[in-house]
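Visitor: If you scroll down you'll find the structure; I have some questions about it.
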Amino acid sequence: MLWPFNRFRNPAVPRGTIEAIYGMIVAQAREPAFYADLHVRDTVNGRFDLLILHLWLVLRRLQPAPGGSGLSQALFDRFCADMDDNLREMGVGDLTVPKRMQAFGEAFYGRTSAYDLAFEAGDEALAQALSRNVFNGEFPESAKLLAAYVRQTSDALKALDDAVITGGSWSFPKPMVAAGASA
């Protein structure tokens with residue numbers, strides 16, 4: 001289980017590696033094709049949903065890698081710190097931040113649990129989980145395309161050597177090319 005703000009337990013994870021991997025996750029979650037072509041809502045919530053989806057994909061791949069557990073924890077800690085920073089930048093008060101962080105944690109664990117179960121259950125279940133969490137039940141075809149992208153991205157990450165994935169020297173596939181849709 002990942003616990004927020006445990007960065008002091010694992011000082012062996014290079015901060016530059018965490019920043020590189022987290023930066024790739026954030027950049028991919030902001031990829032315009034998700035919003036323009038797949039109908040993901042271009043809102044704070046829509047971007048948060050894609051951030052969680054990509055973080056889940058990376059954490060899922062890191063877990064079996066040597067040192068992946070510590071790297072996963074450090075990456076999750078970075079995500080929590082980023083969410084905290086974003087709340088404060090948006091003007092959320094100090095007394096409200098912990099409540100909002102708890103809501104972020106619940107959203108993260110709820111979605112990743114649903115994605116884990118759906119991923120194992122097959123493409124239709126994965127598309128349904130994405131439809132509920134990313135598309136609010138709308139755009140079923142987009143959910144299917146996003147599910148195909150998730151599968152391809154998972155396969156691409158799985159094919160990477162452990163040293164490459166833990167070193168942060170890789171990139172995500174393009175969303176529309178990976179999903180098989182026309183650009």
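Residues in the structure tokens are numbered from 1 in each chain, the chains being A, B, ... in the order shown, and ligands are numbered from 1 in the order shown.
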Env of Ala125 (chain A): 12 Å cut, atoms = only C-alpha atoms, seq-sep filter 3 positions within chain, self excluded. Answer as a ChimeraX atom specification.
Guide: /A:114-122,128-132,140,143-144,147-148
Visitor: Using only C-alpha atoms, which residues sit within 8 Å of region 44-48 of chain A once same-chain residues fewer than 5 positions away are excluded, as an mmCIF file with C-alpha atoms, in the first residue's frame?
Guide:
data_model
loop_
_atom_site.group_PDB
_atom_site.id
_atom_site.type_symbol
_atom_site.label_atom_id
_atom_site.label_comp_id
_atom_site.auth_asym_id
_atom_site.auth_seq_id
_atom_site.Cartn_x
_atom_site.Cartn_y
_atom_site.Cartn_z
ATOM 1 C CA ALA A 29 -2.126 13.678 -18.830
ATOM 2 C CA ARG A 30 -2.111 17.106 -20.518
ATOM 3 C CA VAL A 134 -13.214 9.618 -16.797
#
Visitor: Quick one: pick out all helix (DSSP H, G or I) residues within region 3-131 of chain A from a backbone DSSP run and write them as a PDB file with N, CA and C atoms, in the first residue's frame.
Guide:
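Final output, states.pdb:
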ATOM      1  N   ARG A   7       8.373  10.082   2.253  1.00  0.00           N
ATOM      2  CA  ARG A   7       9.615  10.275   1.516  1.00  0.00           C
ATOM      3  C   ARG A   7      10.860  10.106   2.372  1.00  0.00           C
ATOM      4  N   PHE A   8      10.733  10.239   3.677  1.00  0.00           N
ATOM      5  CA  PHE A   8      11.904  10.106   4.536  1.00  0.00           C
ATOM      6  C   PHE A   8      12.273   8.646   4.766  1.00  0.00           C
ATOM      7  N   ARG A   9      11.355   7.729   4.466  1.00  0.00           N
ATOM      8  CA  ARG A   9      11.639   6.308   4.624  1.00  0.00           C
ATOM      9  C   ARG A   9      12.516   5.768   3.512  1.00  0.00           C
ATOM     10  N   ARG A  15      15.939  11.909  -6.473  1.00  0.00           N
ATOM     11  CA  ARG A  15      14.884  12.895  -6.683  1.00  0.00           C
ATOM     12  C   ARG A  15      14.741  13.237  -8.165  1.00  0.00           C
ATOM     13  N   GLY A  16      15.852  13.301  -8.884  1.00  0.00           N
ATOM     14  CA  GLY A  16      15.783  13.606 -10.309  1.00  0.00           C
ATOM     15  C   GLY A  16      14.993  12.568 -11.092  1.00  0.00           C
ATOM     16  N   THR A  17      15.106  11.308 -10.700  1.00  0.00           N
ATOM     17  CA  THR A  17      14.354  10.244 -11.361  1.00  0.00           C
ATOM     18  C   THR A  17      12.867  10.414 -11.112  1.00  0.00           C
ATOM     19  N   ILE A  18      12.512  10.716  -9.874  1.00  0.00           N
ATOM     20  CA  ILE A  18      11.107  10.932  -9.532  1.00  0.00           C
ATOM     21  C   ILE A  18      10.551  12.114 -10.321  1.00  0.00           C
ATOM     22  N   GLU A  19      11.308  13.192 -10.368  1.00  0.00           N
ATOM     23  CA  GLU A  19      10.855  14.377 -11.104  1.00  0.00           C
ATOM     24  C   GLU A  19      10.689  14.065 -12.594  1.00  0.00           C
ATOM     25  N   ALA A  20      11.607  13.291 -13.153  1.00  0.00           N
ATOM     26  CA  ALA A  20      11.515  12.946 -14.579  1.00  0.00           C
ATOM     27  C   ALA A  20      10.279  12.104 -14.858  1.00  0.00           C
ATOM     28  N   ILE A  21      10.055  11.080 -14.050  1.00  0.00           N
ATOM     29  CA  ILE A  21       8.908  10.202 -14.271  1.00  0.00           C
ATOM     30  C   ILE A  21       7.605  10.956 -14.013  1.00  0.00           C
ATOM     31  N   TYR A  22       7.551  11.703 -12.924  1.00  0.00           N
ATOM     32  CA  TYR A  22       6.325  12.437 -12.627  1.00  0.00           C
ATOM     33  C   TYR A  22       6.052  13.497 -13.706  1.00  0.00           C
ATOM     34  N   GLY A  23       7.100  14.119 -14.189  1.00  0.00           N
ATOM     35  CA  GLY A  23       6.944  15.093 -15.270  1.00  0.00           C
ATOM     36  C   GLY A  23       6.371  14.458 -16.525  1.00  0.00           C
ATOM     37  N   MET A  24       6.805  13.228 -16.847  1.00  0.00           N
ATOM     38  CA  MET A  24       6.256  12.526 -18.012  1.00  0.00           C
ATOM     39  C   MET A  24       4.778  12.206 -17.809  1.00  0.00           C
ATOM     40  N   ILE A  25       4.427  11.816 -16.586  1.00  0.00           N
ATOM     41  CA  ILE A  25       3.028  11.492 -16.285  1.00  0.00           C
ATOM     42  C   ILE A  25       2.159  12.734 -16.452  1.00  0.00           C
ATOM     43  N   VAL A  26       2.602  13.846 -15.888  1.00  0.00           N
ATOM     44  CA  VAL A  26       1.842  15.094 -15.984  1.00  0.00           C
ATOM     45  C   VAL A  26       1.736  15.541 -17.441  1.00  0.00           C
ATOM     46  N   ALA A  27       2.826  15.477 -18.172  1.00  0.00           N
ATOM     47  CA  ALA A  27       2.811  15.890 -19.580  1.00  0.00           C
ATOM     48  C   ALA A  27       1.854  15.018 -20.395  1.00  0.00           C
ATOM     49  N   GLN A  28       1.858  13.732 -20.136  1.00  0.00           N
ATOM     50  CA  GLN A  28       0.964  12.843 -20.878  1.00  0.00           C
ATOM     51  C   GLN A  28      -0.498  13.107 -20.519  1.00  0.00           C
ATOM     52  N   ALA A  29      -0.752  13.378 -19.255  1.00  0.00           N
ATOM     53  CA  ALA A  29      -2.126  13.678 -18.830  1.00  0.00           C
ATOM     54  C   ALA A  29      -2.634  14.975 -19.453  1.00  0.00           C
ATOM     55  N   PRO A  32      -3.064  17.104 -25.590  1.00  0.00           N
ATOM     56  CA  PRO A  32      -4.308  17.648 -26.150  1.00  0.00           C
ATOM     57  C   PRO A  32      -5.225  16.623 -26.824  1.00  0.00           C
ATOM     58  N   ALA A  33      -4.695  15.565 -27.384  1.00  0.00           N
ATOM     59  CA  ALA A  33      -5.527  14.579 -28.081  1.00  0.00           C
ATOM     60  C   ALA A  33      -6.567  13.951 -27.157  1.00  0.00           C
ATOM     61  N   PHE A  34      -6.258  13.792 -25.888  1.00  0.00           N
ATOM     62  CA  PHE A  34      -7.245  13.226 -24.971  1.00  0.00           C
ATOM     63  C   PHE A  34      -8.493  14.104 -24.903  1.00  0.00           C
ATOM     64  N   TYR A  35      -8.281  15.392 -24.942  1.00  0.00           N
ATOM     65  CA  TYR A  35      -9.381  16.343 -24.777  1.00  0.00           C
ATOM     66  C   TYR A  35     -10.068  16.645 -26.105  1.00  0.00           C
ATOM     67  N   ALA A  36      -9.270  16.826 -27.140  1.00  0.00           N
ATOM     68  CA  ALA A  36      -9.829  17.196 -28.442  1.00  0.00           C
ATOM     69  C   ALA A  36     -10.469  16.006 -29.153  1.00  0.00           C
ATOM     70  N   VAL A  44     -10.408  20.799 -14.435  1.00  0.00           N
ATOM     71  CA  VAL A  44      -9.534  20.331 -13.356  1.00  0.00           C
ATOM     72  C   VAL A  44      -9.813  18.849 -13.086  1.00  0.00           C
ATOM     73  N   ASN A  45     -11.092  18.474 -13.039  1.00  0.00           N
ATOM     74  CA  ASN A  45     -11.437  17.074 -12.764  1.00  0.00           C
ATOM     75  C   ASN A  45     -11.012  16.148 -13.892  1.00  0.00           C
ATOM     76  N   GLY A  46     -11.201  16.571 -15.129  1.00  0.00           N
ATOM     77  CA  GLY A  46     -10.790  15.743 -16.259  1.00  0.00           C
ATOM     78  C   GLY A  46      -9.290  15.513 -16.278  1.00  0.00           C
ATOM     79  N   ARG A  47      -8.541  16.551 -16.009  1.00  0.00           N
ATOM     80  CA  ARG A  47      -7.077  16.423 -15.974  1.00  0.00           C
ATOM     81  C   ARG A  47      -6.628  15.562 -14.788  1.00  0.00           C
ATOM     82  N   PHE A  48      -7.323  15.715 -13.664  1.00  0.00           N
ATOM     83  CA  PHE A  48      -7.025  14.886 -12.492  1.00  0.00           C
ATOM     84  C   PHE A  48      -7.269  13.408 -12.815  1.00  0.00           C
ATOM     85  N   ASP A  49      -8.377  13.116 -13.506  1.00  0.00           N
ATOM     86  CA  ASP A  49      -8.678  11.733 -13.879  1.00  0.00           C
ATOM     87  C   ASP A  49      -7.582  11.134 -14.757  1.00  0.00           C
ATOM     88  N   LEU A  50      -7.086  11.915 -15.716  1.00  0.00           N
ATOM     89  CA  LEU A  50      -6.014  11.407 -16.584  1.00  0.00           C
ATOM     90  C   LEU A  50      -4.689  11.299 -15.838  1.00  0.00           C
ATOM     91  N   LEU A  51      -4.454  12.194 -14.911  1.00  0.00           N
ATOM     92  CA  LEU A  51      -3.241  12.105 -14.097  1.00  0.00           C
ATOM     93  C   LEU A  51      -3.255  10.806 -13.290  1.00  0.00           C
ATOM     94  N   ILE A  52      -4.371  10.522 -12.654  1.00  0.00           N
ATOM     95  CA  ILE A  52      -4.477   9.278 -11.878  1.00  0.00           C
ATOM     96  C   ILE A  52      -4.322   8.063 -12.787  1.00  0.00           C
ATOM     97  N   LEU A  53      -4.950   8.092 -13.953  1.00  0.00           N
ATOM     98  CA  LEU A  53      -4.863   6.964 -14.881  1.00  0.00           C
ATOM     99  C   LEU A  53      -3.411   6.682 -15.269  1.00  0.00           C
ATOM    100  N   HIS A  54      -2.668   7.717 -15.616  1.00  0.00           N
ATOM    101  CA  HIS A  54      -1.276   7.521 -16.025  1.00  0.00           C
ATOM    102  C   HIS A  54      -0.379   7.163 -14.837  1.00  0.00           C
ATOM    103  N   LEU A  55      -0.650   7.736 -13.697  1.00  0.00           N
ATOM    104  CA  LEU A  55       0.101   7.364 -12.494  1.00  0.00           C
ATOM    105  C   LEU A  55      -0.129   5.889 -12.188  1.00  0.00           C
ATOM    106  N   TRP A  56      -1.371   5.446 -12.285  1.00  0.00           N
ATOM    107  CA  TRP A  56      -1.694   4.034 -12.054  1.00  0.00           C
ATOM    108  C   TRP A  56      -0.943   3.127 -13.021  1.00  0.00           C
ATOM    109  N   LEU A  57      -0.906   3.502 -14.294  1.00  0.00           N
ATOM    110  CA  LEU A  57      -0.185   2.694 -15.279  1.00  0.00           C
ATOM    111  C   LEU A  57       1.289   2.548 -14.911  1.00  0.00           C
ATOM    112  N   VAL A  58       1.899   3.640 -14.499  1.00  0.00           N
ATOM    113  CA  VAL A  58       3.321   3.603 -14.159  1.00  0.00           C
ATOM    114  C   VAL A  58       3.544   2.821 -12.858  1.00  0.00           C
ATOM    115  N   LEU A  59       2.736   3.076 -11.851  1.00  0.00           N
ATOM    116  CA  LEU A  59       2.887   2.354 -10.580  1.00  0.00           C
ATOM    117  C   LEU A  59       2.702   0.854 -10.782  1.00  0.00           C
ATOM    118  N   ARG A  60       1.756   0.496 -11.619  1.00  0.00           N
ATOM    119  CA  ARG A  60       1.502  -0.920 -11.923  1.00  0.00           C
ATOM    120  C   ARG A  60       2.745  -1.567 -12.531  1.00  0.00           C
ATOM    121  N   ARG A  61       3.427  -0.848 -13.396  1.00  0.00           N
ATOM    122  CA  ARG A  61       4.636  -1.381 -14.039  1.00  0.00           C
ATOM    123  C   ARG A  61       5.825  -1.401 -13.090  1.00  0.00           C
ATOM    124  N   LEU A  62       5.924  -0.392 -12.220  1.00  0.00           N
ATOM    125  CA  LEU A  62       7.071  -0.308 -11.322  1.00  0.00           C
ATOM    126  C   LEU A  62       7.075  -1.392 -10.244  1.00  0.00           C
ATOM    127  N   GLY A  68      11.372  -1.200  -7.385  1.00  0.00           N
ATOM    128  CA  GLY A  68      10.152  -0.557  -7.852  1.00  0.00           C
ATOM    129  C   GLY A  68       9.212  -0.148  -6.740  1.00  0.00           C
ATOM    130  N   SER A  69       9.218  -0.893  -5.652  1.00  0.00           N
ATOM    131  CA  SER A  69       8.331  -0.556  -4.543  1.00  0.00           C
ATOM    132  C   SER A  69       8.708   0.793  -3.925  1.00  0.00           C
ATOM    133  N   GLY A  70       9.986   0.989  -3.693  1.00  0.00           N
ATOM    134  CA  GLY A  70      10.449   2.267  -3.150  1.00  0.00           C
ATOM    135  C   GLY A  70      10.240   3.408  -4.125  1.00  0.00           C
ATOM    136  N   LEU A  71      10.459   3.135  -5.386  1.00  0.00           N
ATOM    137  CA  LEU A  71      10.248   4.144  -6.422  1.00  0.00           C
ATOM    138  C   LEU A  71       8.762   4.491  -6.529  1.00  0.00           C
ATOM    139  N   SER A  72       7.913   3.478  -6.427  1.00  0.00           N
ATOM    140  CA  SER A  72       6.464   3.711  -6.452  1.00  0.00           C
ATOM    141  C   SER A  72       6.044   4.599  -5.298  1.00  0.00           C
ATOM    142  N   GLN A  73       6.567   4.307  -4.120  1.00  0.00           N
ATOM    143  CA  GLN A  73       6.215   5.114  -2.953  1.00  0.00           C
ATOM    144  C   GLN A  73       6.679   6.555  -3.135  1.00  0.00           C
ATOM    145  N   ALA A  74       7.894   6.729  -3.621  1.00  0.00           N
ATOM    146  CA  ALA A  74       8.418   8.077  -3.835  1.00  0.00           C
ATOM    147  C   ALA A  74       7.599   8.817  -4.902  1.00  0.00           C
ATOM    148  N   LEU A  75       7.165   8.108  -5.923  1.00  0.00           N
ATOM    149  CA  LEU A  75       6.351   8.711  -6.970  1.00  0.00           C
ATOM    150  C   LEU A  75       4.977   9.111  -6.425  1.00  0.00           C
ATOM    151  N   PHE A  76       4.400   8.251  -5.599  1.00  0.00           N
ATOM    152  CA  PHE A  76       3.122   8.577  -4.971  1.00  0.00           C
ATOM    153  C   PHE A  76       3.275   9.782  -4.042  1.00  0.00           C
ATOM    154  N   ASP A  77       4.364   9.835  -3.299  1.00  0.00           N
ATOM    155  CA  ASP A  77       4.627  10.988  -2.437  1.00  0.00           C
ATOM    156  C   ASP A  77       4.714  12.266  -3.259  1.00  0.00           C
ATOM    157  N   ARG A  78       5.338  12.191  -4.431  1.00  0.00           N
ATOM    158  CA  ARG A  78       5.463  13.357  -5.311  1.00  0.00           C
ATOM    159  C   ARG A  78       4.091  13.800  -5.804  1.00  0.00           C
ATOM    160  N   PHE A  79       3.249  12.835  -6.143  1.00  0.00           N
ATOM    161  CA  PHE A  79       1.877  13.128  -6.547  1.00  0.00           C
ATOM    162  C   PHE A  79       1.140  13.864  -5.419  1.00  0.00           C
ATOM    163  N   CYS A  80       1.252  13.362  -4.196  1.00  0.00           N
ATOM    164  CA  CYS A  80       0.578  14.002  -3.056  1.00  0.00           C
ATOM    165  C   CYS A  80       1.096  15.419  -2.833  1.00  0.00           C
ATOM    166  N   ALA A  81       2.400  15.597  -2.927  1.00  0.00           N
ATOM    167  CA  ALA A  81       2.975  16.938  -2.759  1.00  0.00           C
ATOM    168  C   ALA A  81       2.475  17.874  -3.849  1.00  0.00           C
ATOM    169  N   ASP A  82       2.366  17.368  -5.085  1.00  0.00           N
ATOM    170  CA  ASP A  82       1.865  18.178  -6.198  1.00  0.00           C
ATOM    171  C   ASP A  82       0.409  18.576  -5.962  1.00  0.00           C
ATOM    172  N   MET A  83      -0.402  17.648  -5.492  1.00  0.00           N
ATOM    173  CA  MET A  83      -1.812  17.959  -5.221  1.00  0.00           C
ATOM    174  C   MET A  83      -1.914  19.012  -4.113  1.00  0.00           C
ATOM    175  N   ASP A  84      -1.104  18.873  -3.082  1.00  0.00           N
ATOM    176  CA  ASP A  84      -1.090  19.846  -1.983  1.00  0.00           C
ATOM    177  C   ASP A  84      -0.695  21.223  -2.513  1.00  0.00           C
ATOM    178  N   ASP A  85       0.372  21.265  -3.305  1.00  0.00           N
ATOM    179  CA  ASP A  85       0.828  22.534  -3.892  1.00  0.00           C
ATOM    180  C   ASP A  85      -0.256  23.166  -4.766  1.00  0.00           C
ATOM    181  N   ASN A  86      -0.921  22.349  -5.569  1.00  0.00           N
ATOM    182  CA  ASN A  86      -1.971  22.866  -6.450  1.00  0.00           C
ATOM    183  C   ASN A  86      -3.135  23.444  -5.657  1.00  0.00           C
ATOM    184  N   LEU A  87      -3.510  22.770  -4.601  1.00  0.00           N
ATOM    185  CA  LEU A  87      -4.595  23.297  -3.764  1.00  0.00           C
ATOM    186  C   LEU A  87      -4.230  24.667  -3.202  1.00  0.00           C
ATOM    187  N   ARG A  88      -3.022  24.763  -2.705  1.00  0.00           N
ATOM    188  CA  ARG A  88      -2.588  26.031  -2.108  1.00  0.00           C
ATOM    189  C   ARG A  88      -2.500  27.136  -3.159  1.00  0.00           C
ATOM    190  N   GLU A  89      -2.041  26.787  -4.373  1.00  0.00           N
ATOM    191  CA  GLU A  89      -1.989  27.773  -5.454  1.00  0.00           C
ATOM    192  C   GLU A  89      -3.383  28.234  -5.859  1.00  0.00           C
ATOM    193  N   VAL A  97      -7.145  22.201   3.327  1.00  0.00           N
ATOM    194  CA  VAL A  97      -6.239  21.358   2.535  1.00  0.00           C
ATOM    195  C   VAL A  97      -6.277  19.892   2.989  1.00  0.00           C
ATOM    196  N   PRO A  98      -6.186  19.573   4.283  1.00  0.00           N
ATOM    197  CA  PRO A  98      -6.213  18.155   4.666  1.00  0.00           C
ATOM    198  C   PRO A  98      -7.484  17.423   4.230  1.00  0.00           C
ATOM    199  N   LYS A  99      -8.625  18.095   4.289  1.00  0.00           N
ATOM    200  CA  LYS A  99      -9.876  17.470   3.855  1.00  0.00           C
ATOM    201  C   LYS A  99      -9.854  17.200   2.360  1.00  0.00           C
ATOM    202  N   ARG A 100      -9.353  18.154   1.609  1.00  0.00           N
ATOM    203  CA  ARG A 100      -9.265  17.967   0.159  1.00  0.00           C
ATOM    204  C   ARG A 100      -8.251  16.883  -0.192  1.00  0.00           C
ATOM    205  N   MET A 101      -7.146  16.825   0.548  1.00  0.00           N
ATOM    206  CA  MET A 101      -6.148  15.780   0.310  1.00  0.00           C
ATOM    207  C   MET A 101      -6.738  14.406   0.597  1.00  0.00           C
ATOM    208  N   GLN A 102      -7.555  14.315   1.622  1.00  0.00           N
ATOM    209  CA  GLN A 102      -8.221  13.047   1.923  1.00  0.00           C
ATOM    210  C   GLN A 102      -9.136  12.654   0.762  1.00  0.00           C
ATOM    211  N   ALA A 103      -9.843  13.621   0.211  1.00  0.00           N
ATOM    212  CA  ALA A 103     -10.708  13.347  -0.936  1.00  0.00           C
ATOM    213  C   ALA A 103      -9.883  12.894  -2.144  1.00  0.00           C
ATOM    214  N   PHE A 104      -8.719  13.511  -2.357  1.00  0.00           N
ATOM    215  CA  PHE A 104      -7.835  13.084  -3.443  1.00  0.00           C
ATOM    216  C   PHE A 104      -7.380  11.641  -3.218  1.00  0.00           C
ATOM    217  N   GLY A 105      -7.018  11.331  -1.987  1.00  0.00           N
ATOM    218  CA  GLY A 105      -6.586   9.969  -1.664  1.00  0.00           C
ATOM    219  C   GLY A 105      -7.685   8.958  -1.921  1.00  0.00           C
ATOM    220  N   GLU A 106      -8.893   9.286  -1.512  1.00  0.00           N
ATOM    221  CA  GLU A 106     -10.025   8.390  -1.743  1.00  0.00           C
ATOM    222  C   GLU A 106     -10.277   8.220  -3.240  1.00  0.00           C
ATOM    223  N   ALA A 107     -10.179   9.296  -3.982  1.00  0.00           N
ATOM    224  CA  ALA A 107     -10.358   9.218  -5.439  1.00  0.00           C
ATOM    225  C   ALA A 107      -9.270   8.349  -6.063  1.00  0.00           C
ATOM    226  N   PHE A 108      -8.035   8.551  -5.634  1.00  0.00           N
ATOM    227  CA  PHE A 108      -6.922   7.765  -6.163  1.00  0.00           C
ATOM    228  C   PHE A 108      -7.135   6.278  -5.896  1.00  0.00           C
ATOM    229  N   TYR A 109      -7.379   5.930  -4.639  1.00  0.00           N
ATOM    230  CA  TYR A 109      -7.519   4.514  -4.293  1.00  0.00           C
ATOM    231  C   TYR A 109      -8.774   3.901  -4.899  1.00  0.00           C
ATOM    232  N   GLY A 110      -9.849   4.653  -4.973  1.00  0.00           N
ATOM    233  CA  GLY A 110     -11.061   4.137  -5.592  1.00  0.00           C
ATOM    234  C   GLY A 110     -10.874   3.854  -7.067  1.00  0.00           C
ATOM    235  N   ARG A 111     -10.292   4.800  -7.771  1.00  0.00           N
ATOM    236  CA  ARG A 111     -10.089   4.625  -9.208  1.00  0.00           C
ATOM    237  C   ARG A 111      -9.068   3.535  -9.505  1.00  0.00           C
ATOM    238  N   THR A 112      -7.946   3.534  -8.800  1.00  0.00           N
ATOM    239  CA  THR A 112      -6.927   2.527  -9.098  1.00  0.00           C
ATOM    240  C   THR A 112      -7.420   1.122  -8.760  1.00  0.00           C
ATOM    241  N   SER A 113      -8.208   0.996  -7.712  1.00  0.00           N
ATOM    242  CA  SER A 113      -8.790  -0.301  -7.383  1.00  0.00           C
ATOM    243  C   SER A 113      -9.738  -0.748  -8.497  1.00  0.00           C
ATOM    244  N   ALA A 114     -10.573   0.171  -8.967  1.00  0.00           N
ATOM    245  CA  ALA A 114     -11.497  -0.144 -10.064  1.00  0.00           C
ATOM    246  C   ALA A 114     -10.725  -0.501 -11.326  1.00  0.00           C
ATOM    247  N   TYR A 115      -9.656   0.234 -11.614  1.00  0.00           N
ATOM    248  CA  TYR A 115      -8.866  -0.048 -12.813  1.00  0.00           C
ATOM    249  C   TYR A 115      -8.160  -1.400 -12.702  1.00  0.00           C
ATOM    250  N   ASP A 116      -7.639  -1.719 -11.526  1.00  0.00           N
ATOM    251  CA  ASP A 116      -6.994  -3.027 -11.340  1.00  0.00           C
ATOM    252  C   ASP A 116      -7.963  -4.162 -11.642  1.00  0.00           C
ATOM    253  N   LEU A 117      -9.147  -4.095 -11.051  1.00  0.00           N
ATOM    254  CA  LEU A 117     -10.154  -5.142 -11.261  1.00  0.00           C
ATOM    255  C   LEU A 117     -10.598  -5.203 -12.715  1.00  0.00           C
ATOM    256  N   ALA A 118     -10.860  -4.051 -13.296  1.00  0.00           N
ATOM    257  CA  ALA A 118     -11.340  -3.998 -14.677  1.00  0.00           C
ATOM    258  C   ALA A 118     -10.270  -4.457 -15.661  1.00  0.00           C
ATOM    259  N   PHE A 119      -9.028  -4.105 -15.403  1.00  0.00           N
ATOM    260  CA  PHE A 119      -7.937  -4.487 -16.291  1.00  0.00           C
ATOM    261  C   PHE A 119      -7.850  -6.012 -16.393  1.00  0.00           C
ATOM    262  N   GLU A 120      -8.005  -6.661 -15.256  1.00  0.00           N
ATOM    263  CA  GLU A 120      -7.943  -8.130 -15.230  1.00  0.00           C
ATOM    264  C   GLU A 120      -9.197  -8.759 -15.828  1.00  0.00           C
ATOM    265  N   ALA A 121     -10.325  -8.059 -15.754  1.00  0.00           N
ATOM    266  CA  ALA A 121     -11.598  -8.609 -16.229  1.00  0.00           C
ATOM    267  C   ALA A 121     -11.765  -8.528 -17.741  1.00  0.00           C
ATOM    268  N   ASP A 123     -11.379  -6.122 -21.704  1.00  0.00           N
ATOM    269  CA  ASP A 123     -11.526  -4.828 -22.374  1.00  0.00           C
ATOM    270  C   ASP A 123     -12.854  -4.135 -22.090  1.00  0.00           C
ATOM    271  N   GLU A 124     -13.943  -4.895 -22.091  1.00  0.00           N
ATOM    272  CA  GLU A 124     -15.257  -4.291 -21.853  1.00  0.00           C
ATOM    273  C   GLU A 124     -15.343  -3.736 -20.428  1.00  0.00           C
ATOM    274  N   ALA A 125     -14.847  -4.478 -19.463  1.00  0.00           N
ATOM    275  CA  ALA A 125     -14.854  -4.008 -18.071  1.00  0.00           C
ATOM    276  C   ALA A 125     -13.969  -2.777 -17.913  1.00  0.00           C
ATOM    277  N   LEU A 126     -12.833  -2.768 -18.583  1.00  0.00           N
ATOM    278  CA  LEU A 126     -11.940  -1.616 -18.519  1.00  0.00           C
ATOM    279  C   LEU A 126     -12.609  -0.388 -19.138  1.00  0.00           C
ATOM    280  N   ALA A 127     -13.250  -0.566 -20.275  1.00  0.00           N
ATOM    281  CA  ALA A 127     -13.961   0.546 -20.917  1.00  0.00           C
ATOM    282  C   ALA A 127     -15.072   1.068 -20.001  1.00  0.00           C
ATOM    283  N   GLN A 128     -15.770   0.176 -19.319  1.00  0.00           N
ATOM    284  CA  GLN A 128     -16.829   0.600 -18.401  1.00  0.00           C
ATOM    285  C   GLN A 128     -16.261   1.379 -17.224  1.00  0.00           C
ATOM    286  N   ALA A 129     -15.147   0.913 -16.667  1.00  0.00           N
ATOM    287  CA  ALA A 129     -14.524   1.633 -15.546  1.00  0.00           C
ATOM    288  C   ALA A 129     -14.064   3.021 -15.992  1.00  0.00           C
ATOM    289  N   LEU A 130     -13.487   3.098 -17.167  1.00  0.00           N
ATOM    290  CA  LEU A 130     -13.060   4.396 -17.696  1.00  0.00           C
ATOM    291  C   LEU A 130     -14.258   5.281 -18.007  1.00  0.00           C
ATOM    292  N   SER A 131     -15.321   4.689 -18.494  1.00  0.00           N
ATOM    293  CA  SER A 131     -16.532   5.454 -18.782  1.00  0.00           C
ATOM    294  C   SER A 131     -17.065   6.100 -17.508  1.00  0.00           C
TER     295      SER A 131
END
Visitor: Grab the CA of Gln63 (chain A) to CA of Asn133 (chain A) distance for me, in Å with one decimal place.
Guide: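 Between CA of Gln63 (chain A) and CA of Asn133 (chain A) the gap works out to 23.3 Å.
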Visitor: Figure out the distance between CA of Leu38 (chain A) and CA of Phe172 (chain A), please, to one decimal in Å.
Guide: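 Atom-to-atom, CA of Phe172 (chain A) and CA of Leu38 (chain A) are spaced 16.8 Å apart.
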